[in-house]
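J.: Input file: model.csv. Contents: CSV, C-alpha atoms.
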```
chain,number,residue,atom,x,y,z
D,136,ARG,CA,-28.1,76.6,-64.8
D,137,ARG,CA,-27.0,77.9,-61.4
D,138,TRP,CA,-28.0,76.1,-58.1
D,139,ARG,CA,-27.9,77.5,-54.6
D,140,GLN,CA,-29.0,74.9,-52.1
D,141,THR,CA,-29.0,75.4,-48.3
D,142,CYS,CA,-28.4,72.6,-45.9
D,143,PRO,CA,-30.1,73.3,-42.5
D,144,ARG,CA,-27.1,71.9,-40.6
D,145,ARG,CA,-23.7,73.5,-40.7
D,146,TYR,CA,-21.4,71.0,-42.2
D,147,HIS,CA,-18.0,72.2,-43.5
D,148,PRO,CA,-16.6,70.1,-46.3
D,149,ILE,CA,-12.8,69.6,-46.0
D,150,HIS,CA,-12.1,67.2,-48.8
D,151,VAL,CA,-14.6,66.5,-51.6
D,152,ALA,CA,-14.7,63.0,-53.0
D,153,ASN,CA,-17.2,63.5,-55.9
D,154,ALA,CA,-20.1,65.6,-57.2
D,155,TRP,CA,-22.7,64.8,-59.8
D,156,ASP,CA,-26.2,65.7,-61.1
D,157,ASP,CA,-28.8,63.3,-59.9
D,158,GLU,CA,-30.5,61.6,-62.9
D,159,THR,CA,-34.0,61.5,-61.2
D,160,SER,CA,-34.2,64.9,-59.6
D,161,GLY,CA,-31.8,66.8,-61.7
D,162,CYS,CA,-30.3,68.3,-58.5
D,163,PRO,CA,-26.6,68.3,-57.7
D,164,SER,CA,-25.3,65.7,-55.2
D,165,MET,CA,-21.9,65.5,-53.4
D,166,ILE,CA,-19.9,63.3,-51.1
D,167,ALA,CA,-17.3,64.9,-48.9
D,168,ALA,CA,-15.3,64.5,-45.7
D,169,CYS,CA,-16.8,67.2,-43.4
D,170,TRP,CA,-16.5,68.8,-40.0
D,171,PRO,CA,-19.9,68.2,-38.4
D,172,PRO,CA,-22.1,71.0,-37.1
D,173,ASP,CA,-21.0,70.8,-33.4
D,174,CYS,CA,-17.3,71.3,-34.5
D,175,VAL,CA,-18.2,74.1,-36.9
D,176,ASN,CA,-20.3,75.9,-34.2
D,177,ALA,CA,-17.5,75.6,-31.6
D,178,MET,CA,-15.0,77.1,-34.0
D,179,ALA,CA,-17.4,80.0,-34.8
D,180,SER,CA,-18.2,80.7,-31.1
D,181,GLU,CA,-14.6,80.4,-30.0
D,182,ARG,CA,-13.3,82.3,-33.0
D,183,ARG,CA,-10.7,79.6,-33.6
D,184,ASP,CA,-8.5,79.5,-36.6
D,185,ILE,CA,-10.1,77.2,-39.1
D,186,LEU,CA,-7.0,75.0,-39.4
D,187,GLY,CA,-6.1,75.2,-35.7
D,188,ASP,CA,-2.8,74.4,-34.0
D,189,TRP,CA,-1.0,71.5,-35.7
D,190,ALA,CA,1.6,71.1,-33.0
D,191,PRO,CA,-0.4,68.6,-30.9
D,192,LEU,CA,-1.2,66.5,-34.0
D,193,LEU,CA,2.5,66.4,-35.0
D,194,GLY,CA,3.2,65.3,-31.4
D,195,GLY,CA,0.7,62.4,-31.7
D,196,ASP,CA,-2.2,64.0,-29.7
D,197,PHE,CA,-5.4,63.8,-31.7
D,198,SER,CA,-7.7,64.4,-28.8
D,199,GLY,CA,-8.3,68.1,-29.7
D,200,ALA,CA,-8.7,67.6,-33.4
D,201,ALA,CA,-12.0,68.0,-35.2
D,202,VAL,CA,-13.6,64.8,-36.3
D,203,THR,CA,-14.2,64.5,-40.0
D,204,GLN,CA,-17.3,62.5,-41.2
D,205,LEU,CA,-18.1,61.2,-44.7
D,206,VAL,CA,-21.4,63.0,-45.6
D,207,SER,CA,-23.6,62.5,-48.7
D,208,PHE,CA,-25.5,65.7,-49.8
D,209,SER,CA,-28.4,65.6,-52.1
D,210,GLY,CA,-30.7,68.3,-53.5
D,211,HIS,CA,-34.3,68.2,-52.4
D,212,GLY,CA,-37.1,70.7,-52.6
D,213,GLY,CA,-34.9,73.7,-53.0
D,214,GLY,CA,-32.7,72.7,-50.2
D,215,ALA,CA,-30.0,70.1,-49.5
D,216,ARG,CA,-30.2,66.9,-47.3
D,217,ALA,CA,-27.2,65.6,-45.5
D,218,ARG,CA,-26.7,61.9,-44.7
D,219,VAL,CA,-23.8,60.9,-42.5
D,220,LEU,CA,-22.3,57.6,-43.7
D,221,CYS,CA,-20.9,54.7,-41.7
D,222,SER,CA,-22.4,55.7,-38.4
D,223,GLY,CA,-20.3,58.8,-38.1
D,224,ALA,CA,-16.9,57.0,-38.5
D,225,HIS,CA,-13.9,59.3,-38.5
D,226,LEU,CA,-12.9,59.3,-42.2
D,227,ASP,CA,-10.9,61.6,-44.3
D,228,HIS,CA,-8.9,62.0,-47.5
D,229,CYS,CA,-11.8,60.6,-49.5
D,230,LYS,CA,-11.4,59.6,-53.1
D,231,VAL,CA,-13.4,57.9,-55.9
D,232,HIS,CA,-12.2,56.0,-59.0
D,233,PRO,CA,-11.2,58.5,-61.7
D,234,ALA,CA,-13.8,57.1,-64.1
D,235,ALA,CA,-16.6,57.8,-61.5
D,236,GLY,CA,-15.7,61.5,-61.2
D,237,GLY,CA,-18.8,63.6,-62.1
D,238,LEU,CA,-21.0,60.5,-62.0
D,239,GLU,CA,-22.9,58.8,-59.2
D,240,ASN,CA,-20.4,56.5,-57.5
D,241,LYS,CA,-20.8,53.3,-55.5
D,242,PHE,CA,-17.4,53.3,-53.7
D,243,VAL,CA,-15.4,55.9,-51.7
D,244,TYR,CA,-11.9,55.2,-50.6
D,245,ALA,CA,-10.7,57.0,-47.4
D,246,SER,CA,-8.1,57.1,-44.6
D,247,ALA,CA,-9.3,55.9,-41.2
D,248,GLY,CA,-8.2,54.9,-37.7
D,249,ALA,CA,-7.7,51.5,-36.3
D,250,ALA,CA,-11.2,51.1,-34.9
D,251,VAL,CA,-12.9,51.9,-38.2
D,252,ALA,CA,-10.6,49.4,-40.0
D,253,ARG,CA,-11.7,46.8,-37.5
D,254,GLY,CA,-15.4,47.8,-37.9
D,255,ASP,CA,-15.6,48.1,-34.2
D,256,ILE,CA,-18.5,50.6,-33.9
D,257,ASN,CA,-18.6,50.1,-30.1
D,258,ASP,CA,-15.1,51.4,-29.7
D,259,LEU,CA,-15.2,54.9,-28.4
D,260,THR,CA,-12.6,56.0,-30.9
D,261,TYR,CA,-14.7,54.8,-33.9
D,262,ALA,CA,-16.3,58.2,-34.3
D,263,ALA,CA,-13.6,60.3,-32.6
D,264,PRO,CA,-10.5,61.8,-34.1
D,265,GLN,CA,-7.8,59.1,-34.6
D,266,PRO,CA,-4.4,58.9,-36.1
D,267,PRO,CA,-4.8,57.7,-39.7
D,268,GLN,CA,-3.6,54.1,-39.7
D,269,ALA,CA,-5.7,52.5,-42.4
D,270,PHE,CA,-7.3,52.8,-45.8
D,271,VAL,CA,-10.9,51.7,-46.3
D,272,ARG,CA,-13.4,51.2,-49.1
D,273,VAL,CA,-16.9,52.5,-48.3
D,274,ASP,CA,-19.9,51.1,-50.2
D,275,VAL,CA,-22.2,54.2,-50.3
D,276,SER,CA,-25.3,52.1,-51.2
D,277,GLU,CA,-24.8,49.8,-48.2
D,278,ASP,CA,-23.6,52.7,-46.0
D,279,ALA,CA,-20.8,50.5,-44.7
D,280,VAL,CA,-17.0,49.9,-44.8
D,281,VAL,CA,-16.6,46.7,-46.9
D,282,ASP,CA,-12.9,46.5,-47.2
D,283,SER,CA,-9.9,47.8,-45.2
D,284,TRP,CA,-6.2,47.6,-44.6
D,285,PHE,CA,-4.5,48.5,-41.3
D,286,CYS,CA,-0.9,49.6,-41.8
D,287,GLY,CA,0.4,48.4,-38.4
D,288,GLU,CA,1.3,49.8,-34.9
D,289,ARG,CA,3.3,53.0,-34.9
D,290,ARG,CA,2.8,53.3,-38.6
D,291,PHE,CA,0.7,56.1,-40.2
D,292,THR,CA,-1.0,56.6,-43.5
D,293,ASP,CA,-1.2,59.9,-45.5
D,294,ASP,CA,-3.2,61.2,-48.4
D,295,ALA,CA,-3.6,58.6,-51.2
D,296,VAL,CA,-4.1,58.8,-54.9
D,297,LEU,CA,-5.9,56.3,-57.1
D,298,ALA,CA,-4.3,55.1,-60.4
D,299,ALA,CA,-6.9,53.5,-62.7
D,300,THR,CA,-6.3,50.2,-64.3
D,301,GLY,CA,-9.8,49.9,-65.8
D,302,GLU,CA,-13.2,51.5,-65.8
D,303,ASP,CA,-14.7,49.5,-62.9
D,304,GLU,CA,-14.6,51.3,-59.5
D,305,THR,CA,-12.3,48.7,-58.0
D,306,ASP,CA,-10.0,48.6,-61.1
D,307,ALA,CA,-7.3,50.8,-59.6
D,308,TYR,CA,-4.3,50.9,-57.4
D,309,LEU,CA,-4.3,53.0,-54.2
D,310,ILE,CA,-0.9,54.6,-53.8
D,311,ALA,CA,0.2,56.4,-50.6
D,312,PRO,CA,3.1,57.1,-48.3
D,313,VAL,CA,3.2,55.3,-44.9
D,314,TYR,CA,5.4,56.6,-42.1
D,315,ASP,CA,7.0,54.2,-39.7
D,316,ALA,CA,7.7,55.9,-36.3
D,317,ALA,CA,10.0,53.0,-35.2
D,318,THR,CA,12.4,53.4,-38.1
D,319,GLN,CA,11.6,57.1,-38.8
D,320,ARG,CA,11.2,56.2,-42.5
D,321,SER,CA,8.5,56.4,-45.1
D,322,THR,CA,7.6,53.9,-47.7
D,323,ILE,CA,5.3,54.2,-50.7
D,324,ILE,CA,2.6,51.4,-50.6
D,325,VAL,CA,0.5,50.2,-53.5
D,326,LEU,CA,-2.8,48.5,-52.7
D,327,ASP,CA,-5.2,46.7,-55.1
D,328,CYS,CA,-8.5,48.7,-54.7
D,329,GLY,CA,-10.4,45.4,-55.3
D,330,ASP,CA,-8.8,43.8,-52.2
D,331,LEU,CA,-7.3,46.3,-49.8
D,332,ALA,CA,-7.3,43.6,-47.0
D,333,ALA,CA,-4.7,41.6,-49.0
D,334,GLY,CA,-2.1,44.2,-48.2
D,335,PRO,CA,0.4,45.9,-50.5
D,336,VAL,CA,1.2,44.4,-53.8
D,337,CYS,CA,4.3,46.6,-53.7
D,338,GLU,CA,6.1,48.7,-51.1
D,339,LEU,CA,8.8,51.1,-52.2
D,340,ALA,CA,11.6,52.4,-49.9
D,341,LEU,CA,12.8,56.0,-50.1
D,342,PRO,CA,16.5,56.8,-50.6
D,343,ASP,CA,18.7,57.2,-47.5
D,344,ASP,CA,19.2,60.9,-48.2
D,345,ALA,CA,15.5,61.6,-48.1
D,346,PRO,CA,14.1,58.8,-46.0
D,347,PHE,CA,10.6,60.2,-45.1
D,348,ILE,CA,7.8,62.3,-46.4
D,349,PRO,CA,6.4,65.1,-44.1
D,350,TRP,CA,2.9,64.1,-42.8
D,351,GLY,CA,0.0,66.2,-44.2
D,352,LEU,CA,1.0,66.5,-47.8
D,353,HIS,CA,-1.4,65.8,-50.8
D,354,GLY,CA,-0.7,64.3,-54.1
D,355,ALA,CA,-2.0,63.5,-57.6
D,356,TRP,CA,-1.6,60.8,-60.1
D,357,SER,CA,-0.5,61.8,-63.6
D,358,PRO,CA,0.4,58.7,-65.8
D,359,ALA,CA,0.8,61.0,-68.8
D,360,ALA,CA,3.7,62.7,-67.1
D,361,ASN,CA,5.8,59.5,-67.6
D,362,GLY,CA,4.5,58.7,-71.0
D,363,ALA,CA,2.0,56.1,-69.8
D,364,THR,CA,-1.7,55.9,-70.2
D,365,ARG,CA,-2.6,53.4,-67.5
D,366,ALA,CA,-1.3,52.5,-64.1
D,367,THR,CA,-0.5,49.0,-65.2
D,368,GLU,CA,2.3,50.4,-67.3
D,369,HIS,CA,4.1,51.5,-64.1
D,370,VAL,CA,3.2,48.8,-61.5
```
Please, can you express the file's structure as C-alpha cells?

T.:
Amino acid sequence: RRWRQTCPRRYHPIHVANAWDDETSGCPSMIAACWPPDCVNAMASERRDILGDWAPLLGGDFSGAAVTQLVSFSGHGGGARARVLCSGAHLDHCKVHPAAGGLENKFVYASAGAAVARGDINDLTYAAPQPPQAFVRVDVSEDAVVDSWFCGERRFTDDAVLAATGEDETDAYLIAPVYDAATQRSTIIVLDCGDLAAGPVCELALPDDAPFIPWGLHGAWSPAANGATRATEHV
C-alpha cells in the first residue's frame, strides 16, 4: 500500500532516526532531524545551495548554519502532523537502537551543543546552531533529554553509531570520534547508552601517522565484518 501524506509546514528531514507504521491508525510515522520551515523558506527564497558554504563551520563559526530540530511526524486524516521535540533544541545525527528500527521507539540518541546537554532551555544557544559537543538521549514519550554527556571545552563530537549489546533500547554502546582542538587529535569514545553521563567506558587513541578524523563524516557498525555477532565481543 502506498502512502502520500502532506505536512502543512515545510520541514526538510536531514537525518532520519526511525520510521514505523502506527499500530492504532495504520499510518506511517517518522522521527527525523529537520531544518524547520523558516530555514527552508529562506533557502528557497534566496536560492541558496542546500548544503551551503562549509568554510565558516570548519572555521568554528556556526552563527550562519541552519538549526536542526528533532521532529516527530505522524499520519492523521490523510495528512501528516509534525511535533517538534525538546522545545526546539538544536539536535542532529539522530539514532535509535538497532532492535527498534521499523518499530515505535522510546529513545533517540543525538548530538547536541553544550546548552542542550546542560538542559538550560533559557540559554539563547539552546535552540540555535551550536558546535556539537555532547551526546544526549531523548525520551520521546516525555519529550525531554533524560541523559547526556558533554565532551569538554574545545572538543567536538561527530556522527555516532550504536552497537547493540541486547534488545532493550539502552542495551548498546554509542561509538563516535571526538576531536580535541587543543591537541589536534581525535579519539574514538565508547559510551554506555544506559548511562551516557558516566562518561566513556573506553577511549581509543588514533595512531600518530593518522591522528585525526575529518569532521563531518558518517559511519556504520557492522559486527559481522569482524566475525562477531554482538558489540560485547569487541568492547

J.: Which residues are close to Phe291 in chain D, i.e. within 9 Å by only C-alpha atoms, leaving aside same-chain residues fewer than 6 positions away? Reply as a ChimeraX atom specification.

T.: /D:266-269,312-316,350

J.: Report as a Markdown table: every residue of range 192-227 of chain D with an atom at most 12 Å from range 149-154 of chain D, its closest pair of atoms, and their distance in Å to one decimal, counting all atoms listed in the file, with rows sorted by chain and ascending residue number.

T.:
```
| residue | atom | partner | partner_atom | distance |
| --- | --- | --- | --- | --- |
| D:Ala201 | CA | D:Ile149 | CA | 10.9 |
| D:Val202 | CA | D:Ile149 | CA | 10.9 |
| D:Thr203 | CA | D:Ile149 | CA | 8.0 |
| D:Gln204 | CA | D:Ile149 | CA | 9.7 |
| D:Leu205 | CA | D:Ala152 | CA | 9.1 |
| D:Val206 | CA | D:Val151 | CA | 9.7 |
| D:Ser207 | CA | D:Asn153 | CA | 9.7 |
| D:Phe208 | CA | D:Ala154 | CA | 9.2 |
| D:Ser209 | CA | D:Ala154 | CA | 9.7 |
| D:Gly210 | CA | D:Ala154 | CA | 11.5 |
| D:Leu226 | CA | D:His150 | CA | 10.3 |
| D:Asp227 | CA | D:His150 | CA | 7.3 |
```

J.: Rounded to one decimal in Å, what is the spacing between CA of Lys230 in chain D and CA of Val275 in chain D?

T.: 12.4 Å

J.: Find the residue from D:Glu304, D:Trp155, D:Asp343, D:Cys337 that sits nearest to Arg320 in chain D; use all atoms listed in the file when measuring.

T.: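 Selected residue with least distance to Arg320 in chain D: D:Asp343.
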
J.: Using only C-alpha atoms for the distances, tell me which of D:His225, D:Arg182, D:Arg218, D:His353 is nearest to Tyr261 in chain D.

T.: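 Checking each candidate against Tyr261 in chain D, we get D:His225 as the closest.
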
J.: Quick one: distance from CA of Asp196 in chain D to CA of Ala247 in chain D in Å, one decimal?

T.: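 Interatomic distance, CA of Asp196 in chain D to CA of Ala247 in chain D: 15.8 Å.
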
J.: Just checking: using only C-alpha atoms, which residue out of D:Gly161, D:Gly214, D:Gly334, D:Gly195 ends up closest to Val271 in chain D?

T.: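 Closest to Val271 in chain D, using only C-alpha atoms: D:Gly334.
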
J.: What's the separation between CA of Asp344 in chain D and CA of Ala295 in chain D, in Å to one decimal place?

T.: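 That distance, rounded to one decimal, is 23.1 Å.
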
J.: Given all atoms listed in the file as the basis, pick out the residue of D:Cys169, D:Thr300, D:Val325, D:Leu309 nearest to Glu338 in chain D.

T.: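 Using all atoms listed in the file, the shortest distance to Glu338 in chain D belongs to D:Val325.
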
J.: If we count only C-alpha atoms and set the cut-off at 10 Å, which residues sit around range 278-289 of chain D, ignoring sequence neighbours fewer than 6 positions away in its own chain? Please answer as a short mmCIF file (atom, residue, chain, number, x, y, z; two decimals) with C-alpha atoms, in the coordinates of the input.

T.:
```cif
data_model
loop_
_atom_site.label_atom_id
_atom_site.label_comp_id
_atom_site.auth_asym_id
_atom_site.auth_seq_id
_atom_site.Cartn_x
_atom_site.Cartn_y
_atom_site.Cartn_z
CA ARG D 218 -26.70 61.90 -44.70
CA VAL D 219 -23.80 60.90 -42.50
CA LEU D 220 -22.30 57.60 -43.70
CA CYS D 221 -20.90 54.70 -41.70
CA SER D 222 -22.40 55.70 -38.40
CA ALA D 224 -16.90 57.00 -38.50
CA LYS D 241 -20.80 53.30 -55.50
CA PHE D 242 -17.40 53.30 -53.70
CA VAL D 243 -15.40 55.90 -51.70
CA TYR D 244 -11.90 55.20 -50.60
CA ALA D 245 -10.70 57.00 -47.40
CA SER D 246 -8.10 57.10 -44.60
CA ALA D 247 -9.30 55.90 -41.20
CA GLY D 248 -8.20 54.90 -37.70
CA ALA D 249 -7.70 51.50 -36.30
CA ALA D 250 -11.20 51.10 -34.90
CA VAL D 251 -12.90 51.90 -38.20
CA ALA D 252 -10.60 49.40 -40.00
CA ARG D 253 -11.70 46.80 -37.50
CA GLY D 254 -15.40 47.80 -37.90
CA PRO D 266 -4.40 58.90 -36.10
CA PRO D 267 -4.80 57.70 -39.70
CA GLN D 268 -3.60 54.10 -39.70
CA ALA D 269 -5.70 52.50 -42.40
CA PHE D 270 -7.30 52.80 -45.80
CA VAL D 271 -10.90 51.70 -46.30
CA ARG D 272 -13.40 51.20 -49.10
CA VAL D 313 3.20 55.30 -44.90
CA TYR D 314 5.40 56.60 -42.10
CA ASP D 315 7.00 54.20 -39.70
CA ALA D 316 7.70 55.90 -36.30
CA ALA D 317 10.00 53.00 -35.20
CA THR D 318 12.40 53.40 -38.10
CA ILE D 324 2.60 51.40 -50.60
CA LEU D 326 -2.80 48.50 -52.70
CA CYS D 328 -8.50 48.70 -54.70
CA GLY D 329 -10.40 45.40 -55.30
CA ASP D 330 -8.80 43.80 -52.20
CA LEU D 331 -7.30 46.30 -49.80
CA ALA D 332 -7.30 43.60 -47.00
CA ALA D 333 -4.70 41.60 -49.00
CA GLY D 334 -2.10 44.20 -48.20
CA PRO D 335 0.40 45.90 -50.50
#
```

J.: Which residue out of D:Ala167, D:Ile348, D:Ala298, D:Leu341 has the minimum interatomic distance to Ala217 in chain D when all atoms listed in the file are used?

T.: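 Under the stated criterion, the closest residue is D:Ala167.
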
J.: Counting all atoms listed in the file, which residue out of D:Val273, D:Ala355, D:Ala307, D:Ala215 sits closest to Asn240 in chain D?

T.: D:Val273

J.: Can you put N, CA and C atoms back into range 196-230 of chain D and show it as a PDB file, in the coordinates of the input?

T.:
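Once written, out_36.pdb looks like this:
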```pdb
ATOM      1  N   ASP D 196      -0.952  63.769 -30.531  1.00  0.00           N
ATOM      2  CA  ASP D 196      -2.200  64.000 -29.700  1.00  0.00           C
ATOM      3  C   ASP D 196      -3.302  64.427 -30.637  1.00  0.00           C
ATOM      4  N   PHE D 197      -4.267  63.526 -30.877  1.00  0.00           N
ATOM      5  CA  PHE D 197      -5.400  63.800 -31.700  1.00  0.00           C
ATOM      6  C   PHE D 197      -6.658  64.175 -30.958  1.00  0.00           C
ATOM      7  N   SER D 198      -6.552  64.251 -29.630  1.00  0.00           N
ATOM      8  CA  SER D 198      -7.700  64.400 -28.800  1.00  0.00           C
ATOM      9  C   SER D 198      -8.446  65.748 -29.053  1.00  0.00           C
ATOM     10  N   GLY D 199      -7.692  66.773 -29.433  1.00  0.00           N
ATOM     11  CA  GLY D 199      -8.300  68.100 -29.700  1.00  0.00           C
ATOM     12  C   GLY D 199      -8.655  68.356 -31.097  1.00  0.00           C
ATOM     13  N   ALA D 200      -8.431  67.393 -31.987  1.00  0.00           N
ATOM     14  CA  ALA D 200      -8.700  67.600 -33.400  1.00  0.00           C
ATOM     15  C   ALA D 200     -10.205  67.485 -33.683  1.00  0.00           C
ATOM     16  N   ALA D 201     -10.644  68.131 -34.745  1.00  0.00           N
ATOM     17  CA  ALA D 201     -12.000  68.000 -35.200  1.00  0.00           C
ATOM     18  C   ALA D 201     -12.251  66.714 -35.908  1.00  0.00           C
ATOM     19  N   VAL D 202     -13.328  66.019 -35.592  1.00  0.00           N
ATOM     20  CA  VAL D 202     -13.600  64.800 -36.300  1.00  0.00           C
ATOM     21  C   VAL D 202     -14.091  65.140 -37.722  1.00  0.00           C
ATOM     22  N   THR D 203     -13.753  64.303 -38.668  1.00  0.00           N
ATOM     23  CA  THR D 203     -14.200  64.500 -40.000  1.00  0.00           C
ATOM     24  C   THR D 203     -15.110  63.262 -40.385  1.00  0.00           C
ATOM     25  N   GLN D 204     -16.316  63.525 -40.872  1.00  0.00           N
ATOM     26  CA  GLN D 204     -17.300  62.500 -41.200  1.00  0.00           C
ATOM     27  C   GLN D 204     -17.541  62.489 -42.710  1.00  0.00           C
ATOM     28  N   LEU D 205     -17.784  61.311 -43.261  1.00  0.00           N
ATOM     29  CA  LEU D 205     -18.100  61.200 -44.700  1.00  0.00           C
ATOM     30  C   LEU D 205     -19.636  61.484 -44.792  1.00  0.00           C
ATOM     31  N   VAL D 206     -19.984  62.531 -45.546  1.00  0.00           N
ATOM     32  CA  VAL D 206     -21.400  63.000 -45.600  1.00  0.00           C
ATOM     33  C   VAL D 206     -21.804  63.023 -47.093  1.00  0.00           C
ATOM     34  N   SER D 207     -23.002  62.500 -47.341  1.00  0.00           N
ATOM     35  CA  SER D 207     -23.600  62.500 -48.700  1.00  0.00           C
ATOM     36  C   SER D 207     -24.664  63.639 -48.690  1.00  0.00           C
ATOM     37  N   PHE D 208     -24.506  64.592 -49.607  1.00  0.00           N
ATOM     38  CA  PHE D 208     -25.500  65.700 -49.800  1.00  0.00           C
ATOM     39  C   PHE D 208     -26.269  65.491 -51.029  1.00  0.00           C
ATOM     40  N   SER D 209     -27.568  65.719 -50.942  1.00  0.00           N
ATOM     41  CA  SER D 209     -28.400  65.600 -52.100  1.00  0.00           C
ATOM     42  C   SER D 209     -29.441  66.732 -52.125  1.00  0.00           C
ATOM     43  N   GLY D 210     -29.698  67.279 -53.319  1.00  0.00           N
ATOM     44  CA  GLY D 210     -30.700  68.300 -53.500  1.00  0.00           C
ATOM     45  C   GLY D 210     -32.087  67.803 -53.277  1.00  0.00           C
ATOM     46  N   HIS D 211     -32.918  68.601 -52.603  1.00  0.00           N
ATOM     47  CA  HIS D 211     -34.300  68.200 -52.400  1.00  0.00           C
ATOM     48  C   HIS D 211     -35.165  69.359 -52.034  1.00  0.00           C
ATOM     49  N   GLY D 212     -36.168  69.617 -52.881  1.00  0.00           N
ATOM     50  CA  GLY D 212     -37.100  70.700 -52.600  1.00  0.00           C
ATOM     51  C   GLY D 212     -36.553  72.040 -52.403  1.00  0.00           C
ATOM     52  N   GLY D 213     -35.526  72.368 -53.171  1.00  0.00           N
ATOM     53  CA  GLY D 213     -34.900  73.700 -53.000  1.00  0.00           C
ATOM     54  C   GLY D 213     -33.853  73.753 -51.969  1.00  0.00           C
ATOM     55  N   GLY D 214     -33.698  72.695 -51.205  1.00  0.00           N
ATOM     56  CA  GLY D 214     -32.700  72.700 -50.200  1.00  0.00           C
ATOM     57  C   GLY D 214     -31.745  71.481 -50.380  1.00  0.00           C
ATOM     58  N   ALA D 215     -30.948  71.182 -49.373  1.00  0.00           N
ATOM     59  CA  ALA D 215     -30.000  70.100 -49.500  1.00  0.00           C
ATOM     60  C   ALA D 215     -30.161  69.194 -48.212  1.00  0.00           C
ATOM     61  N   ARG D 216     -30.187  67.881 -48.431  1.00  0.00           N
ATOM     62  CA  ARG D 216     -30.200  66.900 -47.300  1.00  0.00           C
ATOM     63  C   ARG D 216     -28.864  66.341 -47.098  1.00  0.00           C
ATOM     64  N   ALA D 217     -28.496  66.185 -45.844  1.00  0.00           N
ATOM     65  CA  ALA D 217     -27.200  65.600 -45.500  1.00  0.00           C
ATOM     66  C   ALA D 217     -27.397  64.265 -44.822  1.00  0.00           C
ATOM     67  N   ARG D 218     -26.628  63.266 -45.280  1.00  0.00           N
ATOM     68  CA  ARG D 218     -26.700  61.900 -44.700  1.00  0.00           C
ATOM     69  C   ARG D 218     -25.278  61.507 -44.280  1.00  0.00           C
ATOM     70  N   VAL D 219     -25.069  61.329 -42.981  1.00  0.00           N
ATOM     71  CA  VAL D 219     -23.800  60.900 -42.500  1.00  0.00           C
ATOM     72  C   VAL D 219     -23.613  59.414 -42.692  1.00  0.00           C
ATOM     73  N   LEU D 220     -22.509  59.022 -43.309  1.00  0.00           N
ATOM     74  CA  LEU D 220     -22.300  57.600 -43.700  1.00  0.00           C
ATOM     75  C   LEU D 220     -21.497  56.890 -42.559  1.00  0.00           C
ATOM     76  N   CYS D 221     -21.639  55.584 -42.549  1.00  0.00           N
ATOM     77  CA  CYS D 221     -20.900  54.700 -41.700  1.00  0.00           C
ATOM     78  C   CYS D 221     -20.945  55.049 -40.211  1.00  0.00           C
ATOM     79  N   SER D 222     -22.152  55.406 -39.776  1.00  0.00           N
ATOM     80  CA  SER D 222     -22.400  55.700 -38.400  1.00  0.00           C
ATOM     81  C   SER D 222     -21.499  56.741 -37.768  1.00  0.00           C
ATOM     82  N   GLY D 223     -21.122  57.708 -38.605  1.00  0.00           N
ATOM     83  CA  GLY D 223     -20.300  58.800 -38.100  1.00  0.00           C
ATOM     84  C   GLY D 223     -18.841  58.478 -37.938  1.00  0.00           C
ATOM     85  N   ALA D 224     -18.351  57.428 -38.576  1.00  0.00           N
ATOM     86  CA  ALA D 224     -16.900  57.000 -38.500  1.00  0.00           C
ATOM     87  C   ALA D 224     -16.037  58.208 -38.858  1.00  0.00           C
ATOM     88  N   HIS D 225     -14.894  58.298 -38.181  1.00  0.00           N
ATOM     89  CA  HIS D 225     -13.900  59.300 -38.500  1.00  0.00           C
ATOM     90  C   HIS D 225     -13.181  58.905 -39.786  1.00  0.00           C
ATOM     91  N   LEU D 226     -13.496  59.571 -40.894  1.00  0.00           N
ATOM     92  CA  LEU D 226     -12.900  59.300 -42.200  1.00  0.00           C
ATOM     93  C   LEU D 226     -12.458  60.545 -42.865  1.00  0.00           C
ATOM     94  N   ASP D 227     -11.378  60.450 -43.629  1.00  0.00           N
ATOM     95  CA  ASP D 227     -10.900  61.600 -44.300  1.00  0.00           C
ATOM     96  C   ASP D 227     -10.140  61.248 -45.578  1.00  0.00           C
ATOM     97  N   HIS D 228      -9.634  62.262 -46.289  1.00  0.00           N
ATOM     98  CA  HIS D 228      -8.900  62.000 -47.500  1.00  0.00           C
ATOM     99  C   HIS D 228      -9.678  61.130 -48.479  1.00  0.00           C
ATOM    100  N   CYS D 229     -10.939  61.467 -48.707  1.00  0.00           N
ATOM    101  CA  CYS D 229     -11.800  60.600 -49.500  1.00  0.00           C
ATOM    102  C   CYS D 229     -11.568  60.746 -51.000  1.00  0.00           C
ATOM    103  N   LYS D 230     -11.651  59.624 -51.690  1.00  0.00           N
ATOM    104  CA  LYS D 230     -11.400  59.600 -53.100  1.00  0.00           C
ATOM    105  C   LYS D 230     -12.410  58.655 -53.811  1.00  0.00           C
TER     106      LYS D 230
END
```
